[in-house]
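Visitor: Below you'll find model-v6.txt; it's compact mmCIF, N, CA and C atoms.
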```txt
# COMPACT_ATOMS: atom_id res chain seq x y z
N MET A 1 -112.92 -58.26 -34.50
CA MET A 1 -112.97 -58.43 -35.93
C MET A 1 -111.59 -58.78 -36.45
N THR A 2 -111.55 -59.75 -37.31
CA THR A 2 -110.26 -60.12 -37.85
C THR A 2 -109.82 -59.09 -38.90
N GLU A 3 -108.56 -59.14 -39.22
CA GLU A 3 -107.98 -58.19 -40.16
C GLU A 3 -108.59 -58.35 -41.56
N ALA A 4 -108.85 -59.59 -41.96
CA ALA A 4 -109.43 -59.84 -43.29
C ALA A 4 -110.85 -59.30 -43.38
N VAL A 5 -111.64 -59.51 -42.35
CA VAL A 5 -113.03 -59.02 -42.34
C VAL A 5 -113.04 -57.50 -42.35
N ARG A 6 -112.15 -56.91 -41.60
CA ARG A 6 -112.06 -55.44 -41.55
C ARG A 6 -111.65 -54.88 -42.92
N SER A 7 -110.71 -55.54 -43.57
CA SER A 7 -110.27 -55.10 -44.90
C SER A 7 -111.40 -55.20 -45.91
N VAL A 8 -112.15 -56.28 -45.88
CA VAL A 8 -113.28 -56.46 -46.80
C VAL A 8 -114.34 -55.38 -46.53
N ASP A 9 -114.57 -55.07 -45.26
CA ASP A 9 -115.54 -54.04 -44.90
C ASP A 9 -115.11 -52.67 -45.44
N ILE A 10 -113.84 -52.35 -45.31
CA ILE A 10 -113.32 -51.07 -45.80
C ILE A 10 -113.43 -51.00 -47.33
N ILE A 11 -113.10 -52.09 -47.99
CA ILE A 11 -113.17 -52.12 -49.46
C ILE A 11 -114.63 -51.99 -49.92
N SER A 12 -115.54 -52.66 -49.25
CA SER A 12 -116.95 -52.58 -49.65
C SER A 12 -117.50 -51.17 -49.41
N GLN A 13 -117.11 -50.52 -48.30
CA GLN A 13 -117.53 -49.13 -48.06
C GLN A 13 -116.97 -48.20 -49.13
N THR A 14 -115.71 -48.41 -49.48
CA THR A 14 -115.07 -47.59 -50.50
C THR A 14 -115.78 -47.75 -51.84
N GLU A 15 -116.09 -48.97 -52.21
CA GLU A 15 -116.76 -49.23 -53.48
C GLU A 15 -118.17 -48.64 -53.50
N GLU A 16 -118.88 -48.75 -52.38
CA GLU A 16 -120.23 -48.20 -52.29
C GLU A 16 -120.21 -46.68 -52.45
N LEU A 17 -119.29 -46.02 -51.76
CA LEU A 17 -119.18 -44.57 -51.88
C LEU A 17 -118.74 -44.16 -53.29
N ALA A 18 -117.83 -44.92 -53.88
CA ALA A 18 -117.36 -44.62 -55.23
C ALA A 18 -118.51 -44.75 -56.23
N ASP A 19 -119.37 -45.76 -56.06
CA ASP A 19 -120.53 -45.92 -56.94
C ASP A 19 -121.46 -44.72 -56.83
N LYS A 20 -121.69 -44.25 -55.61
CA LYS A 20 -122.56 -43.08 -55.42
C LYS A 20 -121.94 -41.84 -56.05
N ILE A 21 -120.63 -41.69 -55.91
CA ILE A 21 -119.94 -40.54 -56.50
C ILE A 21 -120.05 -40.57 -58.02
N LEU A 22 -119.85 -41.74 -58.61
CA LEU A 22 -119.96 -41.86 -60.07
C LEU A 22 -121.39 -41.62 -60.55
N ALA A 23 -122.37 -42.10 -59.79
CA ALA A 23 -123.77 -41.88 -60.16
C ALA A 23 -124.10 -40.38 -60.10
N ASN A 24 -123.60 -39.70 -59.08
CA ASN A 24 -123.82 -38.26 -58.98
C ASN A 24 -123.15 -37.52 -60.12
N LYS A 25 -121.96 -37.97 -60.49
CA LYS A 25 -121.24 -37.34 -61.59
C LYS A 25 -122.03 -37.48 -62.89
N GLN A 26 -122.58 -38.64 -63.12
CA GLN A 26 -123.40 -38.87 -64.31
C GLN A 26 -124.65 -38.00 -64.28
N GLU A 27 -125.28 -37.91 -63.12
CA GLU A 27 -126.47 -37.08 -62.99
C GLU A 27 -126.14 -35.60 -63.21
N LEU A 28 -124.98 -35.16 -62.74
CA LEU A 28 -124.54 -33.79 -62.97
C LEU A 28 -124.36 -33.52 -64.46
N THR A 29 -123.81 -34.49 -65.18
CA THR A 29 -123.62 -34.34 -66.61
C THR A 29 -124.97 -34.19 -67.32
N VAL A 30 -125.93 -35.01 -66.95
CA VAL A 30 -127.26 -34.95 -67.55
C VAL A 30 -127.94 -33.62 -67.23
N MET A 31 -127.84 -33.19 -65.97
CA MET A 31 -128.47 -31.93 -65.56
C MET A 31 -127.81 -30.74 -66.24
N ASP A 32 -126.50 -30.78 -66.40
CA ASP A 32 -125.80 -29.68 -67.06
C ASP A 32 -126.20 -29.59 -68.54
N LYS A 33 -126.38 -30.74 -69.18
CA LYS A 33 -126.82 -30.75 -70.58
C LYS A 33 -128.22 -30.16 -70.68
N ARG A 34 -129.07 -30.52 -69.75
CA ARG A 34 -130.44 -30.00 -69.74
C ARG A 34 -130.43 -28.48 -69.49
N ARG A 35 -129.56 -28.02 -68.59
CA ARG A 35 -129.44 -26.59 -68.32
C ARG A 35 -128.99 -25.85 -69.57
N GLN A 36 -128.03 -26.42 -70.28
CA GLN A 36 -127.53 -25.78 -71.50
C GLN A 36 -128.62 -25.73 -72.58
N GLU A 37 -129.37 -26.80 -72.73
CA GLU A 37 -130.46 -26.81 -73.69
C GLU A 37 -131.53 -25.77 -73.35
N ASN A 38 -131.79 -25.60 -72.05
CA ASN A 38 -132.75 -24.58 -71.61
C ASN A 38 -132.24 -23.18 -71.95
N ARG A 39 -130.95 -22.95 -71.73
CA ARG A 39 -130.38 -21.65 -72.07
C ARG A 39 -130.53 -21.36 -73.56
N GLU A 40 -130.24 -22.36 -74.38
CA GLU A 40 -130.36 -22.19 -75.83
C GLU A 40 -131.81 -21.89 -76.21
N ALA A 41 -132.75 -22.62 -75.64
CA ALA A 41 -134.16 -22.41 -75.94
C ALA A 41 -134.61 -21.03 -75.51
N LEU A 42 -134.16 -20.60 -74.36
CA LEU A 42 -134.52 -19.29 -73.84
C LEU A 42 -134.03 -18.18 -74.78
N ARG A 43 -132.79 -18.31 -75.25
CA ARG A 43 -132.24 -17.30 -76.17
C ARG A 43 -133.01 -17.25 -77.49
N VAL A 44 -133.36 -18.41 -78.00
CA VAL A 44 -134.10 -18.46 -79.27
C VAL A 44 -135.47 -17.81 -79.09
N ILE A 45 -136.14 -18.13 -78.00
CA ILE A 45 -137.48 -17.57 -77.77
C ILE A 45 -137.40 -16.06 -77.52
N GLU A 46 -136.40 -15.61 -76.79
CA GLU A 46 -136.26 -14.18 -76.53
C GLU A 46 -135.98 -13.40 -77.82
N LYS A 47 -135.27 -13.99 -78.76
CA LYS A 47 -134.96 -13.33 -80.02
C LYS A 47 -136.13 -13.39 -81.01
N SER A 48 -137.05 -14.29 -80.77
CA SER A 48 -138.17 -14.50 -81.68
C SER A 48 -139.13 -13.31 -81.64
N ASP A 49 -139.74 -13.03 -82.79
CA ASP A 49 -140.74 -11.96 -82.88
C ASP A 49 -142.16 -12.52 -82.86
N GLU A 50 -142.28 -13.82 -82.86
CA GLU A 50 -143.59 -14.47 -82.91
C GLU A 50 -144.34 -14.25 -81.59
N PRO A 51 -145.66 -14.01 -81.66
CA PRO A 51 -146.42 -13.85 -80.42
C PRO A 51 -146.61 -15.17 -79.68
N LYS A 52 -146.63 -16.28 -80.43
CA LYS A 52 -146.75 -17.61 -79.81
C LYS A 52 -145.61 -18.48 -80.31
N VAL A 53 -145.11 -19.34 -79.42
CA VAL A 53 -143.99 -20.22 -79.78
C VAL A 53 -144.33 -21.65 -79.37
N TRP A 54 -143.67 -22.59 -80.04
CA TRP A 54 -143.83 -24.01 -79.71
C TRP A 54 -142.75 -24.40 -78.70
N ILE A 55 -143.14 -25.05 -77.61
CA ILE A 55 -142.18 -25.58 -76.64
C ILE A 55 -142.61 -26.99 -76.26
N THR A 56 -141.66 -27.75 -75.74
CA THR A 56 -142.00 -29.09 -75.25
C THR A 56 -142.18 -29.03 -73.74
N VAL A 57 -143.27 -29.60 -73.30
CA VAL A 57 -143.55 -29.73 -71.87
C VAL A 57 -143.70 -31.23 -71.62
N GLY A 58 -142.66 -31.80 -71.01
CA GLY A 58 -142.63 -33.25 -70.87
C GLY A 58 -142.44 -33.87 -72.23
N SER A 59 -143.42 -34.64 -72.67
CA SER A 59 -143.32 -35.26 -74.00
C SER A 59 -144.31 -34.64 -74.98
N MET A 60 -144.93 -33.52 -74.58
CA MET A 60 -145.92 -32.87 -75.44
C MET A 60 -145.35 -31.59 -76.05
N LEU A 61 -145.77 -31.31 -77.28
CA LEU A 61 -145.46 -30.04 -77.92
C LEU A 61 -146.64 -29.11 -77.66
N VAL A 62 -146.36 -27.93 -77.14
CA VAL A 62 -147.42 -26.99 -76.78
C VAL A 62 -147.11 -25.64 -77.39
N LYS A 63 -148.14 -25.00 -77.92
CA LYS A 63 -147.98 -23.65 -78.45
C LYS A 63 -148.44 -22.68 -77.37
N MET A 64 -147.52 -21.82 -76.93
CA MET A 64 -147.80 -20.89 -75.83
C MET A 64 -147.49 -19.47 -76.25
N LYS A 65 -148.07 -18.54 -75.49
CA LYS A 65 -147.69 -17.15 -75.67
C LYS A 65 -146.23 -17.00 -75.26
N ARG A 66 -145.52 -16.16 -75.97
CA ARG A 66 -144.09 -15.99 -75.78
C ARG A 66 -143.71 -15.65 -74.32
N PRO A 67 -144.36 -14.67 -73.68
CA PRO A 67 -143.98 -14.36 -72.28
C PRO A 67 -144.19 -15.52 -71.32
N GLN A 68 -145.27 -16.29 -71.53
CA GLN A 68 -145.53 -17.45 -70.68
C GLN A 68 -144.46 -18.52 -70.88
N ALA A 69 -144.06 -18.71 -72.12
CA ALA A 69 -143.03 -19.71 -72.42
C ALA A 69 -141.70 -19.31 -71.78
N ILE A 70 -141.37 -18.02 -71.87
CA ILE A 70 -140.13 -17.54 -71.26
C ILE A 70 -140.16 -17.75 -69.75
N GLU A 71 -141.29 -17.43 -69.13
CA GLU A 71 -141.43 -17.60 -67.68
C GLU A 71 -141.31 -19.08 -67.29
N LEU A 72 -141.92 -19.95 -68.07
CA LEU A 72 -141.88 -21.39 -67.79
C LEU A 72 -140.44 -21.92 -67.88
N ILE A 73 -139.72 -21.49 -68.91
CA ILE A 73 -138.34 -21.95 -69.08
C ILE A 73 -137.45 -21.39 -67.96
N LYS A 74 -137.68 -20.15 -67.55
CA LYS A 74 -136.89 -19.57 -66.46
C LYS A 74 -137.13 -20.31 -65.15
N LYS A 75 -138.38 -20.69 -64.89
CA LYS A 75 -138.67 -21.47 -63.68
C LYS A 75 -137.99 -22.83 -63.73
N ASP A 76 -138.03 -23.46 -64.90
CA ASP A 76 -137.36 -24.75 -65.06
C ASP A 76 -135.86 -24.60 -64.87
N GLN A 77 -135.30 -23.50 -65.37
CA GLN A 77 -133.87 -23.23 -65.22
C GLN A 77 -133.49 -23.08 -63.74
N GLN A 78 -134.32 -22.38 -62.98
CA GLN A 78 -134.06 -22.22 -61.55
C GLN A 78 -134.11 -23.56 -60.83
N GLN A 79 -135.07 -24.39 -61.19
CA GLN A 79 -135.18 -25.71 -60.58
C GLN A 79 -133.96 -26.56 -60.91
N ILE A 80 -133.50 -26.50 -62.13
CA ILE A 80 -132.31 -27.25 -62.53
C ILE A 80 -131.10 -26.77 -61.74
N GLU A 81 -130.95 -25.45 -61.60
CA GLU A 81 -129.83 -24.89 -60.83
C GLU A 81 -129.85 -25.38 -59.39
N GLN A 82 -131.04 -25.42 -58.79
CA GLN A 82 -131.16 -25.90 -57.41
C GLN A 82 -130.75 -27.37 -57.31
N GLN A 83 -131.19 -28.18 -58.27
CA GLN A 83 -130.83 -29.60 -58.25
C GLN A 83 -129.32 -29.78 -58.43
N ILE A 84 -128.73 -29.00 -59.32
CA ILE A 84 -127.28 -29.11 -59.55
C ILE A 84 -126.53 -28.72 -58.29
N ASN A 85 -126.94 -27.63 -57.65
CA ASN A 85 -126.27 -27.21 -56.41
C ASN A 85 -126.42 -28.25 -55.31
N LEU A 86 -127.59 -28.88 -55.22
CA LEU A 86 -127.81 -29.93 -54.23
C LEU A 86 -126.90 -31.13 -54.50
N ILE A 87 -126.77 -31.51 -55.76
CA ILE A 87 -125.91 -32.63 -56.11
C ILE A 87 -124.45 -32.29 -55.83
N TYR A 88 -124.03 -31.05 -56.15
CA TYR A 88 -122.66 -30.63 -55.87
C TYR A 88 -122.35 -30.71 -54.38
N SER A 89 -123.26 -30.22 -53.55
CA SER A 89 -123.00 -30.26 -52.11
C SER A 89 -122.96 -31.69 -51.59
N GLU A 90 -123.84 -32.55 -52.12
CA GLU A 90 -123.82 -33.96 -51.74
C GLU A 90 -122.53 -34.63 -52.21
N GLN A 91 -122.07 -34.24 -53.40
CA GLN A 91 -120.85 -34.80 -53.97
C GLN A 91 -119.64 -34.48 -53.09
N LYS A 92 -119.57 -33.25 -52.60
CA LYS A 92 -118.46 -32.85 -51.73
C LYS A 92 -118.43 -33.73 -50.48
N ILE A 93 -119.59 -33.96 -49.90
CA ILE A 93 -119.68 -34.78 -48.69
C ILE A 93 -119.25 -36.21 -48.99
N LEU A 94 -119.73 -36.75 -50.11
CA LEU A 94 -119.38 -38.14 -50.47
C LEU A 94 -117.89 -38.29 -50.74
N VAL A 95 -117.30 -37.32 -51.43
CA VAL A 95 -115.86 -37.40 -51.72
C VAL A 95 -115.06 -37.37 -50.43
N ASN A 96 -115.44 -36.50 -49.50
CA ASN A 96 -114.71 -36.44 -48.23
C ASN A 96 -114.90 -37.71 -47.40
N LYS A 97 -116.12 -38.30 -47.44
CA LYS A 97 -116.33 -39.58 -46.76
C LYS A 97 -115.46 -40.67 -47.38
N HIS A 98 -115.40 -40.65 -48.72
CA HIS A 98 -114.61 -41.65 -49.44
C HIS A 98 -113.14 -41.53 -49.05
N ARG A 99 -112.65 -40.31 -49.00
CA ARG A 99 -111.25 -40.10 -48.60
C ARG A 99 -111.03 -40.50 -47.14
N ASP A 100 -112.03 -40.28 -46.31
CA ASP A 100 -111.93 -40.67 -44.90
C ASP A 100 -111.85 -42.19 -44.77
N VAL A 101 -112.65 -42.90 -45.55
CA VAL A 101 -112.62 -44.37 -45.51
C VAL A 101 -111.26 -44.88 -45.98
N GLU A 102 -110.65 -44.16 -46.92
CA GLU A 102 -109.33 -44.55 -47.42
C GLU A 102 -108.20 -44.02 -46.54
N PHE A 103 -108.56 -43.41 -45.43
CA PHE A 103 -107.60 -42.86 -44.48
C PHE A 103 -106.74 -41.75 -45.09
N LYS A 104 -107.37 -40.93 -45.93
CA LYS A 104 -106.71 -39.78 -46.52
C LYS A 104 -107.36 -38.52 -45.97
N SER A 105 -106.62 -37.41 -46.02
CA SER A 105 -107.19 -36.16 -45.53
C SER A 105 -108.20 -35.64 -46.54
N PRO A 106 -109.24 -34.91 -46.07
CA PRO A 106 -110.25 -34.38 -47.00
C PRO A 106 -109.66 -33.32 -47.91
N PHE A 107 -110.29 -33.15 -49.07
CA PHE A 107 -109.85 -32.11 -50.00
C PHE A 107 -110.08 -30.76 -49.34
N SER A 108 -109.07 -29.93 -49.33
CA SER A 108 -109.23 -28.62 -48.70
C SER A 108 -109.90 -27.63 -49.64
N GLY A 109 -109.80 -27.82 -50.93
CA GLY A 109 -110.36 -26.88 -51.88
C GLY A 109 -111.85 -27.01 -52.10
N THR A 110 -112.49 -28.02 -51.55
CA THR A 110 -113.92 -28.21 -51.79
C THR A 110 -114.78 -27.35 -50.88
N ASN A 111 -114.21 -26.76 -49.85
CA ASN A 111 -114.99 -25.97 -48.91
C ASN A 111 -114.73 -24.48 -49.06
N LEU A 112 -114.26 -24.05 -50.22
CA LEU A 112 -113.97 -22.64 -50.46
C LEU A 112 -115.26 -21.85 -50.62
N LYS A 113 -115.26 -20.65 -50.09
CA LYS A 113 -116.39 -19.74 -50.22
C LYS A 113 -115.88 -18.45 -50.85
N PRO A 114 -116.68 -17.79 -51.69
CA PRO A 114 -116.23 -16.54 -52.31
C PRO A 114 -116.15 -15.42 -51.26
N LEU A 115 -115.31 -14.44 -51.56
CA LEU A 115 -115.20 -13.28 -50.68
C LEU A 115 -116.47 -12.45 -50.77
N ASP A 116 -116.92 -11.92 -49.61
CA ASP A 116 -118.05 -11.00 -49.69
C ASP A 116 -117.53 -9.60 -50.02
N ARG A 117 -118.42 -8.65 -50.17
CA ARG A 117 -118.03 -7.31 -50.62
C ARG A 117 -117.05 -6.64 -49.66
N LYS A 118 -117.28 -6.78 -48.38
CA LYS A 118 -116.40 -6.14 -47.39
C LYS A 118 -114.99 -6.72 -47.46
N GLU A 119 -114.90 -8.04 -47.54
CA GLU A 119 -113.59 -8.68 -47.62
C GLU A 119 -112.87 -8.30 -48.91
N PHE A 120 -113.61 -8.26 -50.00
CA PHE A 120 -112.99 -7.92 -51.27
C PHE A 120 -112.52 -6.47 -51.29
N SER A 121 -113.34 -5.56 -50.74
CA SER A 121 -112.93 -4.16 -50.72
C SER A 121 -111.72 -3.95 -49.81
N ALA A 122 -111.65 -4.68 -48.70
CA ALA A 122 -110.48 -4.59 -47.82
C ALA A 122 -109.24 -5.12 -48.53
N LEU A 123 -109.39 -6.20 -49.26
CA LEU A 123 -108.29 -6.78 -50.02
C LEU A 123 -107.86 -5.81 -51.14
N LYS A 124 -108.83 -5.21 -51.78
CA LYS A 124 -108.55 -4.27 -52.87
C LYS A 124 -107.82 -3.03 -52.36
N ALA A 125 -108.18 -2.58 -51.16
CA ALA A 125 -107.53 -1.39 -50.59
C ALA A 125 -106.08 -1.67 -50.24
N ASN A 126 -105.75 -2.90 -49.90
CA ASN A 126 -104.39 -3.24 -49.47
C ASN A 126 -103.51 -3.77 -50.59
N LEU A 127 -104.11 -4.20 -51.70
CA LEU A 127 -103.33 -4.70 -52.82
C LEU A 127 -103.57 -3.80 -54.03
N PRO A 128 -102.56 -3.12 -54.50
CA PRO A 128 -102.75 -2.18 -55.61
C PRO A 128 -103.08 -2.86 -56.95
N MET A 129 -102.84 -4.16 -57.07
CA MET A 129 -103.06 -4.86 -58.34
C MET A 129 -104.53 -5.00 -58.69
N LEU A 130 -105.38 -5.08 -57.70
CA LEU A 130 -106.79 -5.37 -57.97
C LEU A 130 -107.51 -4.15 -58.39
```
Before we go any further, please render this structure as structure tokens.

Guide:
Amino acid sequence: MTEAVRSVDIISQTEELADKILANKQELTVMDKRRQENREALRVIEKSDEPKVWITVGSMLVKMKRPQAIELIKKDQQQIEQQINLIYSEQKILVNKHRDVEFKSPFSGTNLKPLDRKEFSALKANLPML
């Protein structure tokens, strides 16, 4: 392969990965907005004293019993959280592939995991600040 063909191939791979990363970022923004709207709706319904409430299901307005509406919104919230987590994990992989194509080292901060209880208690026992 000539140097020019190889360069064009690297640039096209970089652009393709960058497009996927930007599309995921846009989708994350949309999903986060939807998650926030669900939270707001859930709080309003939980504070309501009405036995039945109006909610939108798809493009329809439906009057439901309050507990059923709360359950439906909570299920939708869980589904949104799963989709967001899936997109985040895919995004990490795409960013590292993109950096690999550009011959850069992967981001080290994207693979962080929280401390479990044992690790945190051991850290707390050895550091008086916590």

Visitor: Which residues in region 3-128 of chain A does DSSP call helix (DSSP H, G or I)? List them as a count of residues only.

Guide: 94

Visitor: Could you give me, as a Markdown table, a per-residue list for region 59-107 of chain A showing, wherever an atom lies at most 7 Å from an atom of region 33-46 of chain A, the closest pair of atoms and their distance in Å to one decimal, using only C-alpha atoms and sorting by chain then residue number from low to high?

Guide:
```
| residue | atom | partner | partner_atom | distance |
| --- | --- | --- | --- | --- |
| A:Ile70 | CA | A:Leu42 | CA | 6.4 |
| A:Ile73 | CA | A:Leu42 | CA | 6.7 |
| A:Gln77 | CA | A:Arg35 | CA | 6.4 |
| A:Ile80 | CA | A:Arg35 | CA | 6.5 |
```

Visitor: Could you check which of A:Glu71, A:Asp49, A:Glu27, A:Asp116 is closest to Ile87 (chain A), using all atoms listed in the file?

Guide: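 Ranking A:Glu71, A:Asp49, A:Glu27, A:Asp116 by distance to Ile87 (chain A), first place goes to A:Glu27.
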
Visitor: Using only C-alpha atoms, pick whichever of A:Leu123, A:Ile84, A:Ile10, A:Val53 has the shortest atom-to-atom distance to Thr29 (chain A).

Guide: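 Smallest separation from Thr29 (chain A) among the options: A:Ile84.
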
Visitor: Write out as number ranges by chain the residues lying within 10 Å of Glu102 (chain A), counting only C-alpha atoms and excluding same-chain residues fewer than 6 positions away.

Guide: A: 10-11, 13-14, 96

Visitor: Please compute the atom C of Trp54 (chain A)-atom N of Asn85 (chain A) distance, one decimal, in Å.

Guide: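 Separation between atom C of Trp54 (chain A) and atom N of Asn85 (chain A): 26.5 Å.
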
Visitor: How would you write as number ranges by chain the residues that get within 8 Å of (-111.4, -44.2, -51.1) in the file's frame, counting only C-alpha atoms?

Guide: A: 14-15, 17-18, 98-104

Visitor: One decimal, in Å: what's the spacing between CA of Ile55 (chain A) and CA of Ala69 (chain A)?

Guide: 7.3 Å

Visitor: Within 12 Å of Tyr88 (chain A), counting only C-alpha atoms, which residues qualify if same-chain residues fewer than 4 places away don't, as a compact mmCIF listing (two decimals) with N, CA and C atoms, keeping the file's coordinate frame?

Guide:
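Done, and the output landed in part-v8.txt:
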```txt
# COMPACT_ATOMS: atom_id res chain seq x y z
N ILE A 21 -120.63 -41.69 -55.91
CA ILE A 21 -119.94 -40.54 -56.50
C ILE A 21 -120.05 -40.57 -58.02
N ASN A 24 -123.60 -39.70 -59.08
CA ASN A 24 -123.82 -38.26 -58.98
C ASN A 24 -123.15 -37.52 -60.12
N LYS A 25 -121.96 -37.97 -60.49
CA LYS A 25 -121.24 -37.34 -61.59
C LYS A 25 -122.03 -37.48 -62.89
N GLN A 26 -122.58 -38.64 -63.12
CA GLN A 26 -123.40 -38.87 -64.31
C GLN A 26 -124.65 -38.00 -64.28
N GLU A 27 -125.28 -37.91 -63.12
CA GLU A 27 -126.47 -37.08 -62.99
C GLU A 27 -126.14 -35.60 -63.21
N LEU A 28 -124.98 -35.16 -62.74
CA LEU A 28 -124.54 -33.79 -62.97
C LEU A 28 -124.36 -33.52 -64.46
N THR A 29 -123.81 -34.49 -65.18
CA THR A 29 -123.62 -34.34 -66.61
C THR A 29 -124.97 -34.19 -67.32
N MET A 31 -127.84 -33.19 -65.97
CA MET A 31 -128.47 -31.93 -65.56
C MET A 31 -127.81 -30.74 -66.24
N ASP A 32 -126.50 -30.78 -66.40
CA ASP A 32 -125.80 -29.68 -67.06
C ASP A 32 -126.20 -29.59 -68.54
N GLU A 81 -130.95 -25.45 -61.60
CA GLU A 81 -129.83 -24.89 -60.83
C GLU A 81 -129.85 -25.38 -59.39
N GLN A 82 -131.04 -25.42 -58.79
CA GLN A 82 -131.16 -25.90 -57.41
C GLN A 82 -130.75 -27.37 -57.31
N GLN A 83 -131.19 -28.18 -58.27
CA GLN A 83 -130.83 -29.60 -58.25
C GLN A 83 -129.32 -29.78 -58.43
N ILE A 84 -128.73 -29.00 -59.32
CA ILE A 84 -127.28 -29.11 -59.55
C ILE A 84 -126.53 -28.72 -58.29
N LYS A 92 -119.57 -33.25 -52.60
CA LYS A 92 -118.46 -32.85 -51.73
C LYS A 92 -118.43 -33.73 -50.48
N ILE A 93 -119.59 -33.96 -49.90
CA ILE A 93 -119.68 -34.78 -48.69
C ILE A 93 -119.25 -36.21 -48.99
N LEU A 94 -119.73 -36.75 -50.11
CA LEU A 94 -119.38 -38.14 -50.47
C LEU A 94 -117.89 -38.29 -50.74
N VAL A 95 -117.30 -37.32 -51.43
CA VAL A 95 -115.86 -37.40 -51.72
C VAL A 95 -115.06 -37.37 -50.43
N THR A 110 -112.49 -28.02 -51.55
CA THR A 110 -113.92 -28.21 -51.79
C THR A 110 -114.78 -27.35 -50.88
N ASN A 111 -114.21 -26.76 -49.85
CA ASN A 111 -114.99 -25.97 -48.91
C ASN A 111 -114.73 -24.48 -49.06
```

Visitor: Could you go through chain A and tell me which residues DSSP, when run on the backbone, assigns to strand (DSSP E or B), listing them as a PDB file with N, CA and C atoms, in the coordinates of the input?

Guide:
```
ATOM      1  N   LYS A  52    -146.630 -16.280 -80.430  1.00  0.00           N
ATOM      2  CA  LYS A  52    -146.750 -17.610 -79.810  1.00  0.00           C
ATOM      3  C   LYS A  52    -145.610 -18.480 -80.310  1.00  0.00           C
ATOM      4  N   VAL A  53    -145.110 -19.340 -79.420  1.00  0.00           N
ATOM      5  CA  VAL A  53    -143.990 -20.220 -79.780  1.00  0.00           C
ATOM      6  C   VAL A  53    -144.330 -21.650 -79.370  1.00  0.00           C
ATOM      7  N   TRP A  54    -143.670 -22.590 -80.040  1.00  0.00           N
ATOM      8  CA  TRP A  54    -143.830 -24.010 -79.710  1.00  0.00           C
ATOM      9  C   TRP A  54    -142.750 -24.400 -78.700  1.00  0.00           C
ATOM     10  N   ILE A  55    -143.140 -25.050 -77.610  1.00  0.00           N
ATOM     11  CA  ILE A  55    -142.180 -25.580 -76.640  1.00  0.00           C
ATOM     12  C   ILE A  55    -142.610 -26.990 -76.260  1.00  0.00           C
ATOM     13  N   THR A  56    -141.660 -27.750 -75.740  1.00  0.00           N
ATOM     14  CA  THR A  56    -142.000 -29.090 -75.250  1.00  0.00           C
ATOM     15  C   THR A  56    -142.180 -29.030 -73.740  1.00  0.00           C
ATOM     16  N   VAL A  57    -143.270 -29.600 -73.300  1.00  0.00           N
ATOM     17  CA  VAL A  57    -143.550 -29.730 -71.870  1.00  0.00           C
ATOM     18  C   VAL A  57    -143.700 -31.230 -71.620  1.00  0.00           C
ATOM     19  N   MET A  60    -144.930 -33.520 -74.580  1.00  0.00           N
ATOM     20  CA  MET A  60    -145.920 -32.870 -75.440  1.00  0.00           C
ATOM     21  C   MET A  60    -145.350 -31.590 -76.050  1.00  0.00           C
ATOM     22  N   LEU A  61    -145.770 -31.310 -77.280  1.00  0.00           N
ATOM     23  CA  LEU A  61    -145.460 -30.040 -77.920  1.00  0.00           C
ATOM     24  C   LEU A  61    -146.640 -29.110 -77.660  1.00  0.00           C
ATOM     25  N   VAL A  62    -146.360 -27.930 -77.140  1.00  0.00           N
ATOM     26  CA  VAL A  62    -147.420 -26.990 -76.780  1.00  0.00           C
ATOM     27  C   VAL A  62    -147.110 -25.640 -77.390  1.00  0.00           C
ATOM     28  N   LYS A  63    -148.140 -25.000 -77.920  1.00  0.00           N
ATOM     29  CA  LYS A  63    -147.980 -23.650 -78.450  1.00  0.00           C
ATOM     30  C   LYS A  63    -148.440 -22.680 -77.370  1.00  0.00           C
ATOM     31  N   MET A  64    -147.520 -21.820 -76.930  1.00  0.00           N
ATOM     32  CA  MET A  64    -147.800 -20.890 -75.830  1.00  0.00           C
ATOM     33  C   MET A  64    -147.490 -19.470 -76.250  1.00  0.00           C
ATOM     34  N   LYS A  65    -148.070 -18.540 -75.490  1.00  0.00           N
ATOM     35  CA  LYS A  65    -147.690 -17.150 -75.670  1.00  0.00           C
ATOM     36  C   LYS A  65    -146.230 -17.000 -75.260  1.00  0.00           C
TER      37      LYS A  65
END
```

Visitor: Can you measure CA of Lys52 (chain A) to CA of Met64 (chain A) for me? One decimal in Å is fine.

Guide: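 Interatomic distance, CA of Lys52 (chain A) to CA of Met64 (chain A): 5.3 Å.
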
Visitor: Counting only N, CA and C atoms, figure out which residue out of A:Pro67, A:Phe120, A:Leu115, A:Ser7 gets nearest to Pro51 (chain A).

Guide: A:Pro67

Visitor: Give the centre and edge lengths of an axis-aligned box, in Å to one decimal, that holds all listed atoms of region 46-62 of chain A with 8 Å on each side, as AutoDock Vina command-line options.

Guide:
```
--center_x -141.2 --center_y -23.6 --center_z -76.9 --size_x 28.5 --size_y 39.3 --size_z 28.0
```
